[in-house]
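Student: Supplied in structure tokens, the structure appears directly below.
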Amino acid sequence: MKGPRLDAARRASLQSRSELADAFAANVRPIIKRYRRTASPVCGLARALAARGVKTARGGDWSDVQVAAILRR
């Protein structure tokens, strides 16, 4: 059984996570764009970020899917 409080909590959680993801993307996007000039394929961008020691929002290594998601955001 779900109630209005659960729905409100889910909406608040989604909003909070979206705001954090937007902030992270805004911080890392300039780095990605700088590397985009030299490493055109997205997988090259993921390797460049890893070589520089830039971690994902969750502290992991970059994949081409994650780089593309940042560029779409």
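Going through the structure tokens in order, the chains are called A, B, and so on, while each chain numbers its residues from 1 and the ligands are numbered from 1 in the order shown.
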Name the residues in contact with region 14-25 of chain A at a cut-off of 12 Å, using only C-alpha atoms, excluding same-chain residues fewer than 3 positions from it; report them as a PDB file with C-alpha atoms, in the first residue's frame.
Tutor:
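Result file around31.pdb:
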```
ATOM      1  CA  ASP A   7       4.595   9.652  -3.353  1.00  0.00           C
ATOM      2  CA  ALA A   8       5.777  13.009  -2.012  1.00  0.00           C
ATOM      3  CA  ALA A   9       8.989  11.428  -0.714  1.00  0.00           C
ATOM      4  CA  ARG A  10       9.655   9.818  -4.104  1.00  0.00           C
ATOM      5  CA  ARG A  11       9.107  13.114  -5.917  1.00  0.00           C
ATOM      6  CA  VAL A  28      32.503  18.300 -15.475  1.00  0.00           C
ATOM      7  CA  ARG A  29      31.109  19.540 -18.806  1.00  0.00           C
ATOM      8  CA  PRO A  30      33.885  22.151 -19.332  1.00  0.00           C
ATOM      9  CA  ILE A  31      36.525  19.441 -18.845  1.00  0.00           C
ATOM     10  CA  ILE A  32      34.778  17.197 -21.362  1.00  0.00           C
ATOM     11  CA  LYS A  33      34.467  20.030 -23.884  1.00  0.00           C
ATOM     12  CA  VAL A  54      38.432  12.638 -12.965  1.00  0.00           C
ATOM     13  CA  LYS A  55      35.908  10.308 -11.356  1.00  0.00           C
ATOM     14  CA  THR A  56      32.204   9.958 -12.046  1.00  0.00           C
ATOM     15  CA  ALA A  57      29.615  11.295  -9.615  1.00  0.00           C
ATOM     16  CA  ARG A  58      29.663   7.956  -7.802  1.00  0.00           C
ATOM     17  CA  GLY A  59      33.459   7.782  -7.748  1.00  0.00           C
ATOM     18  CA  GLN A  66      28.268   8.286 -19.100  1.00  0.00           C
ATOM     19  CA  VAL A  67      30.163  10.885 -21.137  1.00  0.00           C
ATOM     20  CA  ALA A  68      27.346  10.967 -23.701  1.00  0.00           C
ATOM     21  CA  ALA A  69      24.791  11.418 -20.903  1.00  0.00           C
ATOM     22  CA  ILE A  70      26.725  14.409 -19.546  1.00  0.00           C
ATOM     23  CA  LEU A  71      26.842  15.967 -23.008  1.00  0.00           C
ATOM     24  CA  ARG A  72      23.069  15.471 -23.415  1.00  0.00           C
ATOM     25  CA  ARG A  73      22.245  16.954 -20.007  1.00  0.00           C
TER      26      ARG A  73
END
```
Student: Could you please write out, as a PyMOL selection string, every residue of chain A that DSSP assigns to helix (DSSP H, G or I)?
Tutor: chain A and resi 4-36+42-52+64-72
Student: List the neighbours of Leu49 (chain A) out to 9 Å using only C-alpha atoms; skip same-chain residues closer than 2 positions along the sequence, and give me the result as a PDB file with N, CA and C atoms, in the first residue's frame.
Tutor:
```pdb
ATOM      1  N   ILE A  31      35.383  20.347 -18.666  1.00  0.00           N
ATOM      2  CA  ILE A  31      36.525  19.441 -18.845  1.00  0.00           C
ATOM      3  C   ILE A  31      36.301  18.574 -20.071  1.00  0.00           C
ATOM      4  N   ILE A  32      35.101  18.045 -20.212  1.00  0.00           N
ATOM      5  CA  ILE A  32      34.778  17.197 -21.362  1.00  0.00           C
ATOM      6  C   ILE A  32      34.909  17.992 -22.654  1.00  0.00           C
ATOM      7  N   TYR A  35      38.528  18.422 -23.710  1.00  0.00           N
ATOM      8  CA  TYR A  35      39.080  17.212 -24.306  1.00  0.00           C
ATOM      9  C   TYR A  35      38.418  16.870 -25.631  1.00  0.00           C
ATOM     10  N   GLY A  44      37.051   8.070 -26.471  1.00  0.00           N
ATOM     11  CA  GLY A  44      38.305   8.784 -26.244  1.00  0.00           C
ATOM     12  C   GLY A  44      38.179   9.780 -25.115  1.00  0.00           C
ATOM     13  N   LEU A  45      37.016  10.395 -25.005  1.00  0.00           N
ATOM     14  CA  LEU A  45      36.772  11.329 -23.905  1.00  0.00           C
ATOM     15  C   LEU A  45      36.763  10.598 -22.574  1.00  0.00           C
ATOM     16  N   ALA A  46      36.167   9.424 -22.538  1.00  0.00           N
ATOM     17  CA  ALA A  46      36.140   8.634 -21.306  1.00  0.00           C
ATOM     18  C   ALA A  46      37.560   8.268 -20.888  1.00  0.00           C
ATOM     19  N   ARG A  47      38.398   7.878 -21.832  1.00  0.00           N
ATOM     20  CA  ARG A  47      39.793   7.548 -21.524  1.00  0.00           C
ATOM     21  C   ARG A  47      40.557   8.771 -21.048  1.00  0.00           C
ATOM     22  N   ALA A  51      42.402   9.184 -17.501  1.00  0.00           N
ATOM     23  CA  ALA A  51      43.829   9.497 -17.426  1.00  0.00           C
ATOM     24  C   ALA A  51      44.091  10.724 -16.562  1.00  0.00           C
ATOM     25  N   ARG A  52      43.167  11.643 -16.566  1.00  0.00           N
ATOM     26  CA  ARG A  52      43.315  12.855 -15.752  1.00  0.00           C
ATOM     27  C   ARG A  52      42.931  12.603 -14.290  1.00  0.00           C
ATOM     28  N   GLY A  53      42.319  11.480 -14.009  1.00  0.00           N
ATOM     29  CA  GLY A  53      41.928  11.161 -12.639  1.00  0.00           C
ATOM     30  C   GLY A  53      40.569  11.705 -12.247  1.00  0.00           C
ATOM     31  N   VAL A  54      39.782  12.133 -13.239  1.00  0.00           N
ATOM     32  CA  VAL A  54      38.432  12.638 -12.965  1.00  0.00           C
ATOM     33  C   VAL A  54      37.514  11.442 -12.772  1.00  0.00           C
ATOM     34  N   LYS A  55      36.817  11.410 -11.662  1.00  0.00           N
ATOM     35  CA  LYS A  55      35.908  10.308 -11.356  1.00  0.00           C
ATOM     36  C   LYS A  55      34.472  10.705 -11.670  1.00  0.00           C
ATOM     37  N   ASP A  61      34.976   4.934 -12.680  1.00  0.00           N
ATOM     38  CA  ASP A  61      35.623   5.299 -13.937  1.00  0.00           C
ATOM     39  C   ASP A  61      34.565   5.595 -14.986  1.00  0.00           C
ATOM     40  N   TRP A  62      34.935   6.407 -15.954  1.00  0.00           N
ATOM     41  CA  TRP A  62      34.015   6.849 -16.997  1.00  0.00           C
ATOM     42  C   TRP A  62      33.823   5.787 -18.064  1.00  0.00           C
TER      43      TRP A  62
END
```
Student: Grab the CA of Cys43 (chain A) to CA of Val65 (chain A) distance for me, in Å with one decimal place.
Tutor: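 So the answer is 8.4 Å.
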